[in-house]
>>> print(open('protein.cif').read())   # mmCIF, C-alpha atoms
data_data
loop_
_atom_site.group_PDB
_atom_site.id
_atom_site.type_symbol
_atom_site.label_atom_id
_atom_site.label_comp_id
_atom_site.auth_asym_id
_atom_site.auth_seq_id
_atom_site.Cartn_x
_atom_site.Cartn_y
_atom_site.Cartn_z
ATOM 1 C CA GLN A 1 8.933 -7.129 12.776
ATOM 2 C CA VAL A 2 6.684 -8.746 10.199
ATOM 3 C CA GLN A 3 8.053 -10.026 6.909
ATOM 4 C CA LEU A 4 6.227 -8.492 3.945
ATOM 5 C CA VAL A 5 6.673 -9.505 0.323
ATOM 6 C CA GLU A 6 5.298 -7.395 -2.527
ATOM 7 C CA SER A 7 4.630 -8.553 -6.069
ATOM 8 C CA GLY A 8 2.649 -7.594 -9.137
ATOM 9 C CA GLY A 9 4.585 -4.594 -10.372
ATOM 10 C CA GLY A 10 5.476 -4.107 -14.018
ATOM 11 C CA SER A 11 5.108 -1.849 -17.010
ATOM 12 C CA VAL A 12 1.664 -0.927 -18.279
ATOM 13 C CA GLN A 13 0.375 1.593 -20.781
ATOM 14 C CA ALA A 14 -1.359 4.727 -19.600
ATOM 15 C CA GLY A 15 -4.982 3.977 -18.836
ATOM 16 C CA GLY A 16 -4.198 0.382 -17.968
ATOM 17 C CA SER A 17 -4.468 -1.543 -14.704
ATOM 18 C CA LEU A 18 -2.253 -3.488 -12.329
ATOM 19 C CA THR A 19 -2.862 -5.309 -9.077
ATOM 20 C CA LEU A 20 -0.141 -5.361 -6.450
ATOM 21 C CA SER A 21 -0.025 -7.999 -3.732
ATOM 22 C CA CYS A 22 1.557 -7.872 -0.293
ATOM 23 C CA VAL A 23 1.797 -11.165 1.553
ATOM 24 C CA ALA A 24 2.842 -11.682 5.157
ATOM 25 C CA PRO A 25 4.006 -15.312 5.089
ATOM 26 C CA GLY A 26 2.737 -17.283 8.063
ATOM 27 C CA HIS A 27 1.433 -14.165 9.799
ATOM 28 C CA ALA A 28 -2.262 -13.632 10.477
ATOM 29 C CA PHE A 29 -3.310 -9.996 10.279
ATOM 30 C CA GLY A 30 -5.368 -9.687 13.443
ATOM 31 C CA VAL A 31 -5.621 -6.050 14.489
ATOM 32 C CA SER A 32 -3.268 -3.982 12.366
ATOM 33 C CA CYS A 33 -2.982 -1.134 9.931
ATOM 34 C CA MET A 34 -1.523 -2.086 6.569
ATOM 35 C CA ALA A 35 -0.654 0.470 3.943
ATOM 36 C CA TRP A 36 0.808 0.998 0.521
ATOM 37 C CA PHE A 37 3.333 3.759 0.030
ATOM 38 C CA ARG A 38 5.206 4.799 -3.073
ATOM 39 C CA ARG A 39 8.367 6.719 -3.846
ATOM 40 C CA ALA A 40 9.747 8.253 -6.986
ATOM 41 C CA PRO A 41 13.534 8.728 -7.339
ATOM 42 C CA GLY A 42 14.676 11.723 -5.350
ATOM 43 C CA LYS A 43 11.350 12.184 -3.597
ATOM 44 C CA GLU A 44 9.917 11.341 -0.204
ATOM 45 C CA ARG A 45 7.882 8.201 0.303
ATOM 46 C CA GLU A 46 4.162 9.047 0.206
ATOM 47 C CA VAL A 47 1.117 7.104 1.273
ATOM 48 C CA VAL A 48 -1.227 5.657 -1.329
ATOM 49 C CA ALA A 49 -3.810 3.761 0.719
ATOM 50 C CA ALA A 50 -4.283 2.006 4.048
ATOM 51 C CA ILE A 51 -6.610 -0.583 5.522
ATOM 52 C CA SER A 52 -7.518 -1.525 9.070
ATOM 53 C CA THR A 53 -7.329 -5.295 8.838
ATOM 54 C CA GLU A 54 -9.744 -6.076 11.679
ATOM 55 C CA VAL A 55 -12.695 -4.124 10.265
ATOM 56 C CA ALA A 56 -11.530 -3.478 6.673
ATOM 57 C CA ASN A 57 -11.905 0.297 6.917
ATOM 58 C CA THR A 58 -9.999 1.896 4.050
ATOM 59 C CA TYR A 59 -8.188 5.192 3.602
ATOM 60 C CA TYR A 60 -6.862 6.824 0.422
ATOM 61 C CA ALA A 61 -4.593 9.634 -0.662
ATOM 62 C CA ASP A 62 -6.463 12.252 -2.685
ATOM 63 C CA SER A 63 -4.263 11.577 -5.704
ATOM 64 C CA VAL A 64 -5.526 8.010 -6.092
ATOM 65 C CA ARG A 65 -9.037 8.063 -4.637
ATOM 66 C CA GLY A 66 -11.449 6.671 -7.192
ATOM 67 C CA ARG A 67 -8.685 4.971 -9.190
ATOM 68 C CA PHE A 68 -7.021 2.661 -6.643
ATOM 69 C CA THR A 69 -8.628 0.144 -4.290
ATOM 70 C CA ILE A 70 -7.018 -1.493 -1.281
ATOM 71 C CA SER A 71 -8.412 -4.816 -0.071
ATOM 72 C CA GLN A 72 -7.427 -7.855 1.941
ATOM 73 C CA ASP A 73 -7.731 -11.629 1.925
ATOM 74 C CA ASN A 74 -7.280 -12.837 5.482
ATOM 75 C CA ALA A 75 -7.131 -16.497 4.454
ATOM 76 C CA LYS A 76 -4.087 -15.710 2.308
ATOM 77 C CA ASN A 77 -2.508 -13.151 4.661
ATOM 78 C CA THR A 78 -2.483 -10.804 1.688
ATOM 79 C CA VAL A 79 -3.331 -7.170 1.041
ATOM 80 C CA TYR A 80 -3.958 -5.999 -2.516
ATOM 81 C CA LEU A 81 -3.775 -2.690 -4.321
ATOM 82 C CA GLN A 82 -5.905 -2.626 -7.454
ATOM 83 C CA MET A 83 -4.736 0.254 -9.641
ATOM 84 C CA ASN A 84 -6.889 1.457 -12.530
ATOM 85 C CA SER A 85 -6.564 4.325 -15.008
ATOM 86 C CA LEU A 86 -2.831 4.409 -14.447
ATOM 87 C CA GLU A 87 -0.956 7.564 -15.403
ATOM 88 C CA PRO A 88 2.730 8.237 -16.057
ATOM 89 C CA GLU A 89 2.755 10.082 -12.709
ATOM 90 C CA ASP A 90 2.057 6.740 -11.014
ATOM 91 C CA THR A 91 5.500 5.491 -12.066
ATOM 92 C CA GLU A 92 7.135 4.794 -8.715
ATOM 93 C CA MET A 93 8.396 2.044 -6.425
ATOM 94 C CA TYR A 94 5.495 0.753 -4.332
ATOM 95 C CA TYR A 95 6.012 -0.495 -0.777
ATOM 96 C CA CYS A 96 3.813 -2.375 1.646
ATOM 97 C CA ALA A 97 3.979 -1.529 5.339
ATOM 98 C CA THR A 98 2.329 -2.635 8.543
ATOM 99 C CA ARG A 99 1.826 -1.539 12.127
ATOM 100 C CA GLU A 100 0.601 -4.244 14.481
ATOM 101 C CA ASN A 101 -2.043 -4.117 17.222
ATOM 102 C CA ILE A 102 -3.694 -0.900 16.148
ATOM 103 C CA GLY A 103 -6.185 0.180 13.514
ATOM 104 C CA CYS A 104 -5.456 2.911 11.015
ATOM 105 C CA GLY A 105 -7.962 5.252 12.622
ATOM 106 C CA TRP A 106 -5.806 5.403 15.735
ATOM 107 C CA LEU A 107 -2.577 6.493 14.092
ATOM 108 C CA GLN A 108 -1.312 8.848 11.402
ATOM 109 C CA TRP A 109 -1.729 6.372 8.594
ATOM 110 C CA ASN A 110 -0.273 8.782 6.045
ATOM 111 C CA ARG A 111 3.125 8.939 7.743
ATOM 112 C CA THR A 112 5.981 6.498 7.207
ATOM 113 C CA THR A 113 6.953 6.794 10.870
ATOM 114 C CA SER A 114 3.664 5.169 11.914
ATOM 115 C CA PHE A 115 4.729 1.825 10.433
ATOM 116 C CA THR A 116 7.262 -0.642 11.805
ATOM 117 C CA SER A 117 7.642 -3.285 9.090
ATOM 118 C CA TRP A 118 8.268 -2.744 5.386
ATOM 119 C CA GLY A 119 8.596 -4.822 2.271
ATOM 120 C CA GLN A 120 11.312 -4.445 -0.338
ATOM 121 C CA GLY A 121 9.062 -2.816 -2.909
ATOM 122 C CA THR A 122 7.807 -3.523 -6.401
ATOM 123 C CA GLN A 123 8.300 -1.200 -9.370
ATOM 124 C CA VAL A 124 5.378 0.183 -11.363
ATOM 125 C CA THR A 125 6.146 1.905 -14.660
ATOM 126 C CA VAL A 126 3.654 3.754 -16.834
ATOM 127 C CA PRO A 127 5.470 5.118 -19.897
ATOM 128 C CA SER A 128 4.463 8.556 -21.109
#
>>> encode(input="protein.cif", output="structure tokens")
Amino acid sequence: QVQLVESGGGSVQAGGSLTLSCVAPGHAFGVSCMAWFRRAPGKEREVVAAISTEVANTYYADSVRGRFTISQDNAKNTVYLQMNSLEPEDTEMYYCATRENIGCGWLQWNRTTSFTSWGQGTQVTVPS
């Protein structure tokens, strides 16, 4: 298990931007797949984006491609999710997740069951 701590959530007007951070304190990424998921009340958790930390290959859900960007800072053990052109439909709890010792291309990165460690989440609200 890897401890993950998310931050950066908040309330922003439609069309605005937010950047979420996910830090793994004291844990170097190495080879892993890290992802952002989100969940609205009463709905299943869905993937937003993923990144293979060894080679920085990125993967996106169709609903956010072109608006969101996932990136990493290995020196800070941190993965980011830059969210632009936010819409009320983006109002959800956002979670960071990781699966160690494998890149995203080798697993079903869009499934929650592929990941073994999760953060507590950070809320993003875009009022309509």
>>> closest_residue(input="protein.cif", among="A:Val64, A:Ala56, A:Ala49, A:Ala75", to="Tyr95 in chain A", atoms="all atoms listed in the file")
A:Ala49
>>> resolve_selection(input="protein.cif", expression="the PyMOL selection byres ((chain A and resi 60) around 8)", output="list in words")
Val48, Ala49, Ala50, Thr58, Tyr59, Ala61, Asp62, Val64 and Arg65 of chain A
>>> residues_around(input="protein.cif", residues="Ser32 in chain A", least_positions_apart="2", cutoff="6 Å", atoms="all atoms listed in the file", output="list in words")
Ser52, Thr53, Arg99, Glu100, Asn101, Ile102 and Gly103 of chain A
>>> resolve_selection(input="protein.cif", expression="the PyMOL selection byres ((chain A and resi 40) around 10)", output="list in words")
Arg38, Arg39, Pro41, Gly42, Lys43, Glu44, Arg45, Glu46, Glu89, Asp90, Thr91, Glu92, Met93, Tyr94 and Gln123 of chain A
>>> resolve_selection(input="protein.cif", expression="the PyMOL selection byres ((chain A and resi 4) around 7)", output="compact mmCIF listing (two decimals) with C-alpha atoms, in the coordinates of the input")
# COMPACT_ATOMS: atom_id res chain seq x y z
CA VAL A 2 6.68 -8.75 10.20
CA GLN A 3 8.05 -10.03 6.91
CA VAL A 5 6.67 -9.51 0.32
CA GLU A 6 5.30 -7.40 -2.53
CA CYS A 22 1.56 -7.87 -0.29
CA VAL A 23 1.80 -11.16 1.55
CA ALA A 24 2.84 -11.68 5.16
CA CYS A 96 3.81 -2.38 1.65
CA TRP A 118 8.27 -2.74 5.39
CA GLY A 119 8.60 -4.82 2.27
>>> closest_residue(input="protein.cif", among="A:Leu81, A:Gln1, A:Val55, A:Asn74", to="Thr122 in chain A", atoms="all atoms listed in the file")
A:Leu81
>>> atom_distance(input="protein.cif", atom1="CA of Phe68 in chain A", atom2="CA of Ala14 in chain A")
14.3 Å
>>> closest_residue(input="protein.cif", among="A:Gln13, A:Ser114, A:Thr98, A:Gln108", to="Ala35 in chain A", atoms="only C-alpha atoms")
A:Thr98
>>> closest_residue(input="protein.cif", among="A:Gln72, A:Val47, A:Thr78, A:Glu54", to="Phe115 in chain A", atoms="all atoms listed in the file")
A:Val47
>>> closest_residue(input="protein.cif", among="A:Gly30, A:Pro88, A:Gly105, A:Gly121", to="Gly15 in chain A", atoms="only C-alpha atoms")
A:Pro88
